[in-house]
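Student: I'd like to ask some things about the structure below.
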Amino acid sequence: MRARALIGYLLPLAFAAICSLPCAADPVSETFQNGPTTPGRIEGVTRQVDVFKAGSNGWKKAARRAALSPADKIRTGRRSVARVKLADGTKILLLQNSQAEIENLSSVQKTIRLLRGRVRAIVAKIKGGNHFKINTPVGVASVRGTDFEVEVLGDEKDQGGVQMEVRVRDGQVAVGQEKLGELAHEILLNPGEKIRFGAEGEMGNPIRMGALPMEQENIRAEVINTRVKDSVVAMAAEESRNADYQTGKSLIDVDGQRVRVESYIMRPRSDQFKLVVLNERPTRFDYFTYKGTFNTNLPDDLSVALRQVGGKLGLTAPDYYLTAYETLASNTIDSVTDSATGGHLVKISFDGTNYTLTDNADATNTRTIAAAAVQSDGSYKIYNPVHDSFSLVSAPDLADALKISVLDAVSGAYHNLSSGDTYWKTRFNDYALFVDATGKTAYSKKSTVTNTLAVDLDANFSQAPITTISEFPDGAGQLHNKLSLIYSDGSQLVYDNYIMGDDGTVAPASTFSGFSTSADYKTELEKWNYQQNITATEFGSRSIRLAIDSRIATKSGLIQ
């Protein structure tokens, strides 16, 4: 459990808003691993999802784990998602206001017909190739191991008629235009490209997602804004003169590129600290900043305050906690920024069955949440009070999901929350996440509460992701996690997280197994680094690539 948790929380302070992003409306993360025994099944549903079984009398509410067969139809309503998994491991997301029909699920060919709306397919890469197609009233998209989206826009009543759009995120997709029942023209799309066409007229040329047509685009997708880079480097040089902690080294990242990593922590003012990470590669420059504001002036030994930020076990409240923070991740052109305000302490008491959350500033503001609540399909809704998040797990996974590991600062040992324990965490009343200039997710506390205790229950969300997908692309044995946030407009924000050595080798999951003390854990952690590659619809074909030296976190006290 700790090895996997490390992926999302290597820097629990700096990346908390990214890796534990709260989602409104029953947030569910699906981890796809073993394939189903049936040709296909519904792996998960969000909000309104219906199925029309072949030979039945009409539409019925979809159930999780329900088997799918050829000629079955699926439809989704507003802000709804159906998650389908095929026997070979292929994942299909039918997004909101969409309808699709299963045409073929044989071992030789798998075909889905999209009648309206949008579908995303993550096609399993298997030996000998995987023949997968998505048909629409306009054309066909066929692949062999890739990640892509197909959308059907409009209908026959619209002036422009029905159109088909295909967007490729990974691999290659052959797209064909159908006329009079035959493929009139076919082109090959590469990663980062998209194309839109109708039943009439020519297909045209593909374009880069979020960019100009290919022939008008600069040939380099990854470029550096030199003026921004020079400004960031100059500011970092000035600030680092007063740094409390500083590290630097060169390494090879998971993409095989040499990168110089510089990190430091300093104090902009008496009650603030700032973490800065600079990455310089031969062809690009990326950077990350985190500025946190505390409830009081910081002590001379900054680590005393930083080690309390992640939470505190025991009856006594921590002396230091965050009241606000701001983060920025950028490649000098694109950026992901998030900020939170209204930070306050919440006391978490556990009786073995329920968590009681109490506002430290107002004892009358309290809430009780079950550690595990059984659902109608036999799964369990789990509450994690440390990360303030809900998730669904199957009955066989329940015991592991209930193990919430925290550090006992007195003994220096890790400890699973148990009956009689008290734990302290900071919650925030307001939060906002932006990709470039586009607001993606925000929340603010409800007027009926003094402070948020559990964000999903005490806050109002806007533009929250309609679904999240958490995967281990290299298998459960490697510390590489991919988190995809998908929004109602079809856009997505994706974080690829790695634990890696200085030579770019991804760490095996067994790396952090068996450690029971903080000292042993940190000794091993300092041998490794963290990398996060960020992609977004708004970035087009660009990305943000951040490599972080774990020593800046262990030496400063950010990681205990």
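Ordered as shown in the structure tokens, chains take letters A, B, and onward, while each chain numbers its residues from 1 and ligands are numbered from 1 in the order shown.
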Could the residues of stretch 255-314 of chain A that have an atom at most 10 Å from stretch 347-358 of chain A be listed as a tab-separated table, each with its closest atom pair and the distance in Å to one decimal, counting only C-alpha atoms and ordered by chain and ascending residue number?
Tutor:
residue	atom	partner	partner_atom	distance
A:Lys312	CA	A:Lys347	CA	9.7
A:Leu313	CA	A:Ile348	CA	9.4
A:Gly314	CA	A:Lys347	CA	9.8
Student: Need to verify the contact set: A:Leu328, 7 Å, only C-alpha atoms, exclusion of same-chain residues closer than 6 positions in sequence. Can you return it as a list in words?
Tutor: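 Residues meeting the cut-off are Phe288, Thr289, Tyr290, Ser335, Val336, Thr337 and Asp338 of chain A.
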Student: Let's have the selection written as a PDB file, in the first residue's frame, with C-alpha atoms.
Tutor:
ATOM      1  CA  PHE A 288       7.585  24.298 -10.464  1.00  0.00           C
ATOM      2  CA  THR A 289       6.875  26.603  -7.517  1.00  0.00           C
ATOM      3  CA  TYR A 290       4.871  26.143  -4.331  1.00  0.00           C
ATOM      4  CA  SER A 335       0.983  26.230 -17.135  1.00  0.00           C
ATOM      5  CA  VAL A 336      -1.073  24.473 -14.490  1.00  0.00           C
ATOM      6  CA  THR A 337      -1.819  26.638 -11.466  1.00  0.00           C
ATOM      7  CA  ASP A 338      -3.851  25.987  -8.363  1.00  0.00           C
TER       8      ASP A 338
END
Student: Can you list every residue in stretch 136-350 of chain A that DSSP puts in strand (DSSP E or B), as a PyMOL selection string?
Tutor: chain A and resi 139-143+147-153+163-170+173-179+182-189+193-198+207-208+213+245-252+258-266+272-281+284-294+312-313+322-330+335-341+344-350
Student: Can you pull out every residue within 7 Å of stretch 117-119 of chain A, counting only C-alpha atoms, but drop anything in the same chain fewer than 2 positions away, and send it as an NGL selection string?
Tutor: :A and (92-95 or 97-99 or 121 or 149-153)
Student: So which residues touch A:Pro70 within 7 Å, counting only C-alpha atoms, skipping near sequence neighbours fewer than 3 positions away, as a list in words?
Tutor: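 Non-adjacent residues within range: Ile102, Glu103, Asn104 and Leu105 of chain A.
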Student: Neighbours of A:Val49 within 6 Å (only C-alpha atoms; same-chain residues fewer than 6 positions away dropped), as a VMD selection string?
Tutor: chain A and resid 62 75 to 76
Student: Would you list the contacts of stretch 483-488 of chain A as a list in words, taking every protein, DNA or RNA residue within 6 Å and counting only C-alpha atoms, but skipping same-chain residues closer than 6 positions in sequence?
Tutor: Arg79, Pro465, Ile466, Thr467, Thr468, Ile469, Ser470, Val494 and Tyr495 of chain A
Student: Select from stretch 288-520 of chain A everything DSSP, run on the backbone, classes as alpha helix (DSSP H), then give the selection as a list in words.
Tutor: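 Put together, the selection reads Leu302, Ser303, Val304, Ala305, Leu306, Leu398, Ala399, Asp400, Ala401, Val455, Asp456, Leu457, Asp458, Ser518, Ala519 and Asp520 of chain A.
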Student: Convert the current residue selection to file output with N, CA, C and O atoms, as a CSV table (one decimal), in the first residue's frame.
Tutor:
chain,number,residue,atom,x,y,z
A,302,LEU,N,13.1,25.7,10.0
A,302,LEU,CA,12.0,25.6,9.2
A,302,LEU,C,11.4,24.2,9.2
A,302,LEU,O,10.2,24.1,9.0
A,303,SER,N,12.2,23.2,9.4
A,303,SER,CA,11.7,21.8,9.3
A,303,SER,C,10.7,21.5,10.4
A,303,SER,O,9.9,20.6,10.3
A,304,VAL,N,10.8,22.3,11.5
A,304,VAL,CA,9.8,22.1,12.6
A,304,VAL,C,8.4,22.3,12.1
A,304,VAL,O,7.5,21.5,12.5
A,305,ALA,N,8.2,23.3,11.3
A,305,ALA,CA,6.9,23.6,10.8
A,305,ALA,C,6.5,22.7,9.6
A,305,ALA,O,5.4,22.2,9.5
A,306,LEU,N,7.5,22.5,8.7
A,306,LEU,CA,7.2,21.7,7.5
A,306,LEU,C,6.8,20.3,7.8
A,306,LEU,O,6.0,19.7,7.1
A,398,LEU,N,-11.4,-4.7,0.3
A,398,LEU,CA,-11.9,-3.8,1.5
A,398,LEU,C,-10.8,-3.7,2.6
A,398,LEU,O,-10.5,-2.6,3.1
A,399,ALA,N,-10.3,-4.9,3.0
A,399,ALA,CA,-9.3,-4.9,4.1
A,399,ALA,C,-8.1,-4.0,3.9
A,399,ALA,O,-7.7,-3.2,4.7
A,400,ASP,N,-7.6,-4.0,2.6
A,400,ASP,CA,-6.4,-3.2,2.3
A,400,ASP,C,-6.8,-1.7,2.2
A,400,ASP,O,-6.1,-0.8,2.7
A,401,ALA,N,-8.0,-1.5,1.7
A,401,ALA,CA,-8.5,-0.1,1.5
A,401,ALA,C,-8.7,0.6,2.9
A,401,ALA,O,-8.5,1.8,3.0
A,455,VAL,N,-14.5,17.9,2.1
A,455,VAL,CA,-14.8,18.8,1.0
A,455,VAL,C,-15.9,18.4,0.1
A,455,VAL,O,-16.8,19.2,-0.3
A,456,ASP,N,-16.0,17.1,-0.2
A,456,ASP,CA,-17.1,16.7,-1.1
A,456,ASP,C,-18.5,16.9,-0.5
A,456,ASP,O,-19.5,17.1,-1.3
A,457,LEU,N,-18.6,17.0,0.8
A,457,LEU,CA,-19.9,17.2,1.5
A,457,LEU,C,-20.1,18.6,1.9
A,457,LEU,O,-21.3,19.0,2.0
A,458,ASP,N,-19.1,19.4,2.1
A,458,ASP,CA,-19.3,20.8,2.7
A,458,ASP,C,-19.0,21.9,1.7
A,458,ASP,O,-18.9,23.0,2.1
A,518,SER,N,10.4,5.8,9.8
A,518,SER,CA,10.6,7.0,8.9
A,518,SER,C,12.1,7.0,8.5
A,518,SER,O,12.4,7.3,7.3
A,519,ALA,N,13.0,6.8,9.4
A,519,ALA,CA,14.4,6.9,9.0
A,519,ALA,C,14.8,5.9,7.9
A,519,ALA,O,15.5,6.3,7.0
A,520,ASP,N,14.4,4.7,8.0
A,520,ASP,CA,14.7,3.7,6.9
A,520,ASP,C,14.0,4.1,5.6
A,520,ASP,O,14.6,3.9,4.5
Student: What does the distance from atom CA of A:Asp88 to atom CA of A:Gln492 come to in Å, to one decimal?
Tutor: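 Pair atom CA of A:Asp88 / atom CA of A:Gln492 returns 24.6 Å.
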Student: So that I can check the surroundings of A:Leu115, please list as an mmCIF file with all heavy atoms, in the first residue's frame every protein, DNA and RNA residue that reaches within 7 Å of it, counting only C-alpha atoms and ignoring chain neighbours fewer than 3 positions away.
Tutor:
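Result file around-v5.cif:
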data_model
loop_
_atom_site.group_PDB
_atom_site.id
_atom_site.type_symbol
_atom_site.label_atom_id
_atom_site.label_comp_id
_atom_site.auth_asym_id
_atom_site.auth_seq_id
_atom_site.Cartn_x
_atom_site.Cartn_y
_atom_site.Cartn_z
ATOM 1 N N GLN A 99 -24.413 7.749 -27.232
ATOM 2 C CA GLN A 99 -25.034 6.438 -27.414
ATOM 3 C C GLN A 99 -24.165 5.604 -28.347
ATOM 4 O O GLN A 99 -23.687 6.092 -29.374
ATOM 5 C CB GLN A 99 -26.445 6.559 -27.992
ATOM 6 C CG GLN A 99 -27.161 5.210 -28.129
ATOM 7 C CD GLN A 99 -28.608 5.359 -28.566
ATOM 8 O OE1 GLN A 99 -29.268 6.334 -28.207
ATOM 9 N NE2 GLN A 99 -29.112 4.405 -29.334
ATOM 10 N N ALA A 100 -23.940 4.350 -27.967
ATOM 11 C CA ALA A 100 -23.113 3.456 -28.772
ATOM 12 C C ALA A 100 -23.723 2.066 -28.785
ATOM 13 O O ALA A 100 -24.504 1.702 -27.906
ATOM 14 C CB ALA A 100 -21.697 3.394 -28.225
ATOM 15 N N THR A 136 -18.999 5.131 -37.253
ATOM 16 C CA THR A 136 -19.969 6.210 -37.060
ATOM 17 C C THR A 136 -20.788 6.338 -38.340
ATOM 18 O O THR A 136 -20.456 5.705 -39.358
ATOM 19 C CB THR A 136 -19.277 7.557 -36.763
ATOM 20 O OG1 THR A 136 -18.755 8.092 -37.977
ATOM 21 C CG2 THR A 136 -18.166 7.406 -35.733
ATOM 22 N N PRO A 137 -21.836 7.140 -38.342
ATOM 23 C CA PRO A 137 -22.596 7.347 -39.584
ATOM 24 C C PRO A 137 -21.771 8.007 -40.685
ATOM 25 O O PRO A 137 -22.188 8.012 -41.844
ATOM 26 C CB PRO A 137 -23.741 8.265 -39.140
ATOM 27 C CG PRO A 137 -23.896 7.996 -37.675
ATOM 28 C CD PRO A 137 -22.502 7.756 -37.188
#
Student: From the list A:Val175, A:Leu453, A:Val277, A:Leu402, which residue is nearest A:Ile382 when using only C-alpha atoms?
Tutor: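 Result for the nearest residue to A:Ile382: A:Leu402.
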Student: Rounded to one decimal place, report the atom CA of A:Arg78-atom CA of A:Arg65 distance in Å.
Tutor: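 We find that atom CA of A:Arg78 and atom CA of A:Arg65 lie 21.7 Å from each other.
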